[in-house]
Amino acid sequence: MFFKNGMTKIESDMGMGTNQVIIDSKTKITTTLFEAMGRKMGFTSSDSAMQQMMNSQDSGRQRIRPQQFNPEVFIEYLSETKKIAGMECKKAVIRYKNRKGDEEQQIVWYSPEFVLGEGFSMRDMNRMANIPGLNKLKGFPMEFEMTRQNGAKVHYQVTKVDLTAKVDDKTFLIPKDYDVKPMSEMRQQGGRNGNGGFQ
């Protein structure tokens with residue numbers, strides 16, 4: 001993850017390919033890039049367009065996309081500490097009820113000293129983790145484990161923090177060899193080729 005002057009870039013190695021998300025907090029435009037099996041493609045979306053799409057799906061196609069899950073959370077801050085990436089981190093337990101009404105507990109190690117980059121929003125971290133209440137932590141989440149719907153467990157841990165890094169402006173440029181289109185156009189193409197839309 002890179003931050004500079006209201007720009008955020010998140011790079012992920014998905015095993016079979018790479019994923020890059022570039023977020024401009026000033027223009028409210030998010031560009032998502034995929035590279036897999038020799039193909040380089042991506043799509044752009046604005047915050048307003050994304051909200052309109054979600055509202056449209058909620059009103060007309062609830063059977064396809066369930067309502068957004070936003071439960072009430074309770075965070076318990078514990079005294080236990082440990083070093084992660086050279087930073088003193090504290091332990092917290094996030095509690096909330098899942099869609100079935102059962103209580104879930106999520107252990108998160110966070111750094112209260114981590115100063116986020118200008119324009120960075122914890123919403124960006126939530127996109128990756130999908131853990132309710134992560135954005136309410138009193139610090140940056142440095143380590144946590146989540147379980148996906150298929151039962152697979154994914155462990156996240158920050159391995160290095162450089163608060164004085166010289167981040168080149170080119171880091172946030174969209175590579176010219178990617179086929180990037182508006183998200184609305186990608187979804188229309190998905191509907192035409194019968195795969196149920198681009199997701």
# chains A, B, ... in the order shown; residues from 1 in each chain; ligands from 1
>>> residues_around(residues="A:Lys40", least_positions_apart="4", cutoff="9 Å", atoms="only C-alpha atoms", output="MDAnalysis selection string")
chainID A and resid 33:36 177:180
>>> write_last_selection(atoms="all heavy atoms", output="short mmCIF file (atom, residue, chain, number, x, y, z; two decimals), in the first residue's frame")
data_model
loop_
_atom_site.label_atom_id
_atom_site.label_comp_id
_atom_site.auth_asym_id
_atom_site.auth_seq_id
_atom_site.Cartn_x
_atom_site.Cartn_y
_atom_site.Cartn_z
N LEU A 33 -7.01 -2.67 -11.58
CA LEU A 33 -6.27 -3.31 -12.67
C LEU A 33 -6.04 -4.79 -12.36
O LEU A 33 -5.69 -5.14 -11.22
CB LEU A 33 -4.93 -2.61 -12.88
CG LEU A 33 -4.96 -1.09 -13.13
CD1 LEU A 33 -3.54 -0.54 -13.14
CD2 LEU A 33 -5.68 -0.78 -14.43
N PHE A 34 -6.22 -5.64 -13.36
CA PHE A 34 -5.98 -7.07 -13.22
C PHE A 34 -4.97 -7.53 -14.27
O PHE A 34 -5.02 -7.08 -15.41
CB PHE A 34 -7.27 -7.87 -13.43
CG PHE A 34 -8.40 -7.46 -12.53
CD1 PHE A 34 -9.33 -6.53 -12.96
CD2 PHE A 34 -8.54 -8.01 -11.27
CE1 PHE A 34 -10.39 -6.16 -12.15
CE2 PHE A 34 -9.58 -7.64 -10.45
CZ PHE A 34 -10.52 -6.72 -10.89
N GLU A 35 -4.09 -8.42 -13.89
CA GLU A 35 -3.19 -9.07 -14.84
C GLU A 35 -3.21 -10.56 -14.55
O GLU A 35 -2.81 -11.01 -13.47
CB GLU A 35 -1.77 -8.53 -14.72
CG GLU A 35 -0.81 -9.17 -15.71
CD GLU A 35 0.60 -8.61 -15.63
OE1 GLU A 35 0.85 -7.74 -14.78
OE2 GLU A 35 1.46 -9.08 -16.40
N ALA A 36 -3.71 -11.34 -15.49
CA ALA A 36 -3.79 -12.79 -15.31
C ALA A 36 -3.82 -13.47 -16.66
O ALA A 36 -4.44 -12.97 -17.60
CB ALA A 36 -5.04 -13.16 -14.50
N ASP A 177 -0.30 -0.21 -21.12
CA ASP A 177 -0.55 -1.52 -21.74
C ASP A 177 -1.76 -2.24 -21.13
O ASP A 177 -2.00 -3.41 -21.43
CB ASP A 177 0.69 -2.40 -21.65
CG ASP A 177 1.19 -2.59 -20.22
OD1 ASP A 177 0.78 -1.82 -19.33
OD2 ASP A 177 2.00 -3.52 -20.00
N TYR A 178 -2.52 -1.55 -20.28
CA TYR A 178 -3.75 -2.12 -19.72
C TYR A 178 -4.95 -1.63 -20.52
O TYR A 178 -5.03 -0.45 -20.90
CB TYR A 178 -3.92 -1.72 -18.26
CG TYR A 178 -3.17 -2.60 -17.29
CD1 TYR A 178 -1.80 -2.45 -17.11
CD2 TYR A 178 -3.82 -3.58 -16.53
CE1 TYR A 178 -1.09 -3.24 -16.21
CE2 TYR A 178 -3.13 -4.38 -15.64
CZ TYR A 178 -1.77 -4.21 -15.48
OH TYR A 178 -1.08 -5.00 -14.61
N ASP A 179 -5.91 -2.51 -20.77
CA ASP A 179 -7.16 -2.14 -21.42
C ASP A 179 -8.15 -1.73 -20.33
O ASP A 179 -8.78 -2.57 -19.69
CB ASP A 179 -7.71 -3.33 -22.22
CG ASP A 179 -9.01 -3.00 -22.95
OD1 ASP A 179 -9.30 -1.79 -23.11
OD2 ASP A 179 -9.73 -3.94 -23.33
N VAL A 180 -8.27 -0.42 -20.10
CA VAL A 180 -9.08 0.10 -18.99
C VAL A 180 -10.35 0.74 -19.53
O VAL A 180 -10.29 1.59 -20.44
CB VAL A 180 -8.28 1.14 -18.16
CG1 VAL A 180 -9.12 1.66 -17.00
CG2 VAL A 180 -6.98 0.53 -17.65
#
>>> residues_around(residues="stretch 96-100 of chain A", least_positions_apart="2", cutoff="9 Å", atoms="only C-alpha atoms", output="JSON list (two decimals) with all heavy atoms, in the first residue's frame")
[["chain", "number", "residue", "atom", "x", "y", "z"],
["A", 69, "PHE", "N", -24.12, -5.43, 4.52],
["A", 69, "PHE", "CA", -24.03, -5.88, 5.90],
["A", 69, "PHE", "C", -23.27, -4.85, 6.72],
["A", 69, "PHE", "O", -22.10, -4.61, 6.49],
["A", 69, "PHE", "CB", -23.31, -7.24, 5.93],
["A", 69, "PHE", "CG", -23.26, -7.87, 7.29],
["A", 69, "PHE", "CD1", -24.40, -8.02, 8.05],
["A", 69, "PHE", "CD2", -22.04, -8.32, 7.81],
["A", 69, "PHE", "CE1", -24.35, -8.61, 9.30],
["A", 69, "PHE", "CE2", -21.98, -8.91, 9.06],
["A", 69, "PHE", "CZ", -23.13, -9.06, 9.81],
["A", 71, "PRO", "N", -23.34, -4.27, 10.61],
["A", 71, "PRO", "CA", -23.84, -4.51, 11.97],
["A", 71, "PRO", "C", -23.23, -3.55, 12.99],
["A", 71, "PRO", "O", -22.20, -2.91, 12.73],
["A", 71, "PRO", "CB", -23.38, -5.94, 12.24],
["A", 71, "PRO", "CG", -22.10, -6.05, 11.48],
["A", 71, "PRO", "CD", -22.31, -5.24, 10.22],
["A", 72, "GLU", "N", -23.86, -3.46, 14.14],
["A", 72, "GLU", "CA", -23.30, -2.71, 15.26],
["A", 72, "GLU", "C", -22.11, -3.50, 15.82],
["A", 72, "GLU", "O", -22.18, -4.72, 15.96],
["A", 72, "GLU", "CB", -24.35, -2.51, 16.34],
["A", 72, "GLU", "CG", -23.89, -1.67, 17.51],
["A", 72, "GLU", "CD", -24.98, -1.45, 18.54],
["A", 72, "GLU", "OE1", -26.09, -1.96, 18.34],
["A", 72, "GLU", "OE2", -24.70, -0.78, 19.54],
["A", 73, "VAL", "N", -21.02, -2.80, 16.12],
["A", 73, "VAL", "CA", -19.82, -3.48, 16.60],
["A", 73, "VAL", "C", -19.43, -2.95, 17.98],
["A", 73, "VAL", "O", -19.72, -1.82, 18.34],
["A", 73, "VAL", "CB", -18.63, -3.30, 15.62],
["A", 73, "VAL", "CG1", -18.96, -3.89, 14.26],
["A", 73, "VAL", "CG2", -18.24, -1.84, 15.49],
["A", 74, "PHE", "N", -18.76, -3.81, 18.72],
["A", 74, "PHE", "CA", -18.19, -3.44, 20.01],
["A", 74, "PHE", "C", -16.71, -3.82, 19.98],
["A", 74, "PHE", "O", -16.37, -4.95, 19.64],
["A", 74, "PHE", "CB", -18.89, -4.17, 21.15],
["A", 74, "PHE", "CG", -18.24, -3.96, 22.49],
["A", 74, "PHE", "CD1", -18.41, -2.77, 23.19],
["A", 74, "PHE", "CD2", -17.44, -4.95, 23.05],
["A", 74, "PHE", "CE1", -17.80, -2.57, 24.41],
["A", 74, "PHE", "CE2", -16.82, -4.76, 24.27],
["A", 74, "PHE", "CZ", -17.00, -3.57, 24.96],
["A", 75, "ILE", "N", -15.84, -2.89, 20.31],
["A", 75, "ILE", "CA", -14.40, -3.14, 20.29],
["A", 75, "ILE", "C", -13.85, -3.15, 21.70],
["A", 75, "ILE", "O", -14.02, -2.19, 22.45],
["A", 75, "ILE", "CB", -13.66, -2.08, 19.45],
["A", 75, "ILE", "CG1", -14.19, -2.07, 18.01],
["A", 75, "ILE", "CG2", -12.15, -2.38, 19.44],
["A", 75, "ILE", "CD1", -13.55, -1.01, 17.13],
["A", 94, "ILE", "N", -12.78, -7.33, 18.07],
["A", 94, "ILE", "CA", -13.99, -6.72, 17.48],
["A", 94, "ILE", "C", -15.11, -7.75, 17.56],
["A", 94, "ILE", "O", -14.98, -8.87, 17.08],
["A", 94, "ILE", "CB", -13.74, -6.31, 16.02],
["A", 94, "ILE", "CG1", -12.60, -5.31, 15.93],
["A", 94, "ILE", "CG2", -15.02, -5.74, 15.40],
["A", 94, "ILE", "CD1", -12.25, -4.91, 14.51],
["A", 102, "ASP", "N", -25.63, -14.71, 15.07],
["A", 102, "ASP", "CA", -24.64, -15.30, 15.97],
["A", 102, "ASP", "C", -23.49, -14.33, 16.18],
["A", 102, "ASP", "O", -23.09, -13.61, 15.26],
["A", 102, "ASP", "CB", -24.10, -16.62, 15.39],
["A", 102, "ASP", "CG", -25.20, -17.64, 15.17],
["A", 102, "ASP", "OD1", -26.15, -17.67, 15.97],
["A", 102, "ASP", "OD2", -25.10, -18.40, 14.18],
["A", 103, "GLU", "N", -22.93, -14.32, 17.40],
["A", 103, "GLU", "CA", -21.84, -13.40, 17.69],
["A", 103, "GLU", "C", -20.53, -13.87, 17.05],
["A", 103, "GLU", "O", -20.18, -15.05, 17.12],
["A", 103, "GLU", "CB", -21.63, -13.23, 19.20],
["A", 103, "GLU", "CG", -20.52, -12.22, 19.52],
["A", 103, "GLU", "CD", -20.34, -11.96, 21.01],
["A", 103, "GLU", "OE1", -21.21, -11.29, 21.58],
["A", 103, "GLU", "OE2", -19.35, -12.43, 21.56],
["A", 104, "GLU", "N", -19.84, -12.94, 16.42],
["A", 104, "GLU", "CA", -18.54, -13.20, 15.84],
["A", 104, "GLU", "C", -17.49, -12.39, 16.60],
["A", 104, "GLU", "O", -17.76, -11.31, 17.10],
["A", 104, "GLU", "CB", -18.51, -12.78, 14.37],
["A", 104, "GLU", "CG", -19.48, -13.54, 13.47],
["A", 104, "GLU", "CD", -18.90, -14.85, 12.98],
["A", 104, "GLU", "OE1", -17.72, -15.14, 13.31],
["A", 104, "GLU", "OE2", -19.61, -15.57, 12.25],
["A", 105, "GLN", "N", -16.28, -12.96, 16.70],
["A", 105, "GLN", "CA", -15.17, -12.26, 17.33],
["A", 105, "GLN", "C", -14.00, -12.21, 16.36],
["A", 105, "GLN", "O", -13.66, -13.22, 15.75],
["A", 105, "GLN", "CB", -14.74, -12.96, 18.62],
["A", 105, "GLN", "CG", -15.77, -12.89, 19.73],
["A", 105, "GLN", "CD", -15.22, -13.40, 21.05],
["A", 105, "GLN", "OE1", -14.02, -13.63, 21.18],
["A", 105, "GLN", "NE2", -16.09, -13.58, 22.03],
["A", 106, "GLN", "N", -13.42, -11.03, 16.21],
["A", 106, "GLN", "CA", -12.30, -10.84, 15.31],
["A", 106, "GLN", "C", -11.14, -10.22, 16.08],
["A", 106, "GLN", "O", -11.27, -9.11, 16.59],
["A", 106, "GLN", "CB", -12.69, -9.93, 14.15],
["A", 106, "GLN", "CG", -11.59, -9.67, 13.17],
["A", 106, "GLN", "CD", -11.24, -10.89, 12.34],
["A", 106, "GLN", "OE1", -12.13, -11.50, 11.76],
["A", 106, "GLN", "NE2", -9.98, -11.23, 12.27],
["A", 132, "PRO", "N", -16.36, -5.95, 9.69],
["A", 132, "PRO", "CA", -17.11, -4.84, 10.28],
["A", 132, "PRO", "C", -16.33, -4.21, 11.44],
["A", 132, "PRO", "O", -15.75, -4.91, 12.26],
["A", 132, "PRO", "CB", -18.40, -5.50, 10.79],
["A", 132, "PRO", "CG", -18.54, -6.73, 9.95],
["A", 132, "PRO", "CD", -17.14, -7.20, 9.69],
["A", 133, "GLY", "N", -16.32, -2.88, 11.49],
["A", 133, "GLY", "CA", -15.69, -2.18, 12.61],
["A", 133, "GLY", "C", -14.22, -1.93, 12.47],
["A", 133, "GLY", "O", -13.62, -1.25, 13.32]]
>>> closest_residue(among="A:Ile107, A:Leu134, A:Gly38, A:Thr159", to="A:Glu80", atoms="only C-alpha atoms")
A:Ile107
>>> atom_distance(atom1="atom CA of A:Thr8", atom2="atom CA of A:Lys83")
25.3 Å
>>> atom_distance(atom1="atom CA of A:Ala85", atom2="atom CA of A:Lys160")
5.0 Å
>>> residues_around(residues="stretch 142-157 of chain A", least_positions_apart="6", cutoff="12 Å", atoms="only C-alpha atoms", output="ChimeraX atom specification")
/A:12,14,81-94,104-114,125-126,128-132,134
>>> write_last_selection(atoms="C-alpha atoms", output="PDB file, in the first residue's frame")
ATOM      1  CA  SER A  12      -2.021  -7.686  -4.293  1.00  0.00           C
ATOM      2  CA  MET A  14      -3.374 -13.279  -6.087  1.00  0.00           C
ATOM      3  CA  THR A  81       1.279  -5.960  23.014  1.00  0.00           C
ATOM      4  CA  LYS A  82       3.744  -7.295  20.451  1.00  0.00           C
ATOM      5  CA  LYS A  83       6.137  -5.988  17.809  1.00  0.00           C
ATOM      6  CA  ILE A  84       4.993  -6.073  14.196  1.00  0.00           C
ATOM      7  CA  ALA A  85       7.220  -4.630  11.473  1.00  0.00           C
ATOM      8  CA  GLY A  86       9.237  -2.912  14.183  1.00  0.00           C
ATOM      9  CA  MET A  87       6.223  -1.118  15.647  1.00  0.00           C
ATOM     10  CA  GLU A  88       4.677  -1.597  19.092  1.00  0.00           C
ATOM     11  CA  CYS A  89       1.181  -2.945  18.476  1.00  0.00           C
ATOM     12  CA  LYS A  90      -1.782  -3.564  20.745  1.00  0.00           C
ATOM     13  CA  LYS A  91      -4.449  -6.235  20.690  1.00  0.00           C
ATOM     14  CA  ALA A  92      -8.160  -5.612  20.197  1.00  0.00           C
ATOM     15  CA  VAL A  93     -11.212  -7.845  19.839  1.00  0.00           C
ATOM     16  CA  ILE A  94     -13.987  -6.723  17.480  1.00  0.00           C
ATOM     17  CA  GLU A 104     -18.536 -13.205  15.838  1.00  0.00           C
ATOM     18  CA  GLN A 105     -15.175 -12.259  17.331  1.00  0.00           C
ATOM     19  CA  GLN A 106     -12.298 -10.841  15.312  1.00  0.00           C
ATOM     20  CA  ILE A 107      -8.844 -10.418  16.859  1.00  0.00           C
ATOM     21  CA  VAL A 108      -6.862  -7.523  15.400  1.00  0.00           C
ATOM     22  CA  TRP A 109      -3.389  -6.217  16.244  1.00  0.00           C
ATOM     23  CA  TYR A 110      -3.147  -2.486  15.597  1.00  0.00           C
ATOM     24  CA  SER A 111      -0.631   0.327  15.881  1.00  0.00           C
ATOM     25  CA  PRO A 112      -1.904   3.448  17.691  1.00  0.00           C
ATOM     26  CA  GLU A 113       1.214   5.326  16.496  1.00  0.00           C
ATOM     27  CA  PHE A 114       0.671   4.759  12.776  1.00  0.00           C
ATOM     28  CA  MET A 125      -8.700  -1.209   4.015  1.00  0.00           C
ATOM     29  CA  ASN A 126     -12.283  -2.390   4.535  1.00  0.00           C
ATOM     30  CA  MET A 128      -9.739  -5.767   1.307  1.00  0.00           C
ATOM     31  CA  ALA A 129     -10.646  -7.191   4.692  1.00  0.00           C
ATOM     32  CA  ASN A 130     -14.453  -6.980   4.798  1.00  0.00           C
ATOM     33  CA  ILE A 131     -14.387  -6.949   8.622  1.00  0.00           C
ATOM     34  CA  PRO A 132     -17.108  -4.839  10.279  1.00  0.00           C
ATOM     35  CA  LEU A 134     -12.147  -2.261  11.257  1.00  0.00           C
TER      36      LEU A 134
END
>>> closest_residue(among="A:Asn70, A:Asn135, A:Ser79, A:Gln20", to="A:Ile174", atoms="only C-alpha atoms")
A:Gln20
>>> residues_around(residues="A:Asp168", least_positions_apart="3", cutoff="9 Å", atoms="only C-alpha atoms", output="list in words")
Lys4, Thr171 and Phe172 of chain A
>>> residues_around(residues="A:Asp169", least_positions_apart="4", cutoff="10 Å", atoms="only C-alpha atoms", output="ChimeraX atom specification")
/A:4-5,7,173
>>> atom_distance(atom1="atom CA of A:Phe2", atom2="atom CA of A:Asp24")
12.0 Å
>>> select_by_dssp(residues="stretch 70-175 of chain A", states="strand (DSSP E or B)", output="JSON, numbers by chain")
{"A": [73, 74, 75, 76, 77, 78, 79, 80, 81, 82, 83, 84, 87, 88, 89, 90, 91, 92, 93, 94, 95, 96, 97, 103, 104, 105, 106, 107, 108, 109, 110, 111, 140, 141, 142, 143, 144, 145, 146, 147, 153, 154, 155, 156, 157]}
>>> closest_residue(among="A:Asp47, A:Lys181, A:Arg39, A:Thr32", to="A:Glu11", atoms="only C-alpha atoms")
A:Thr32
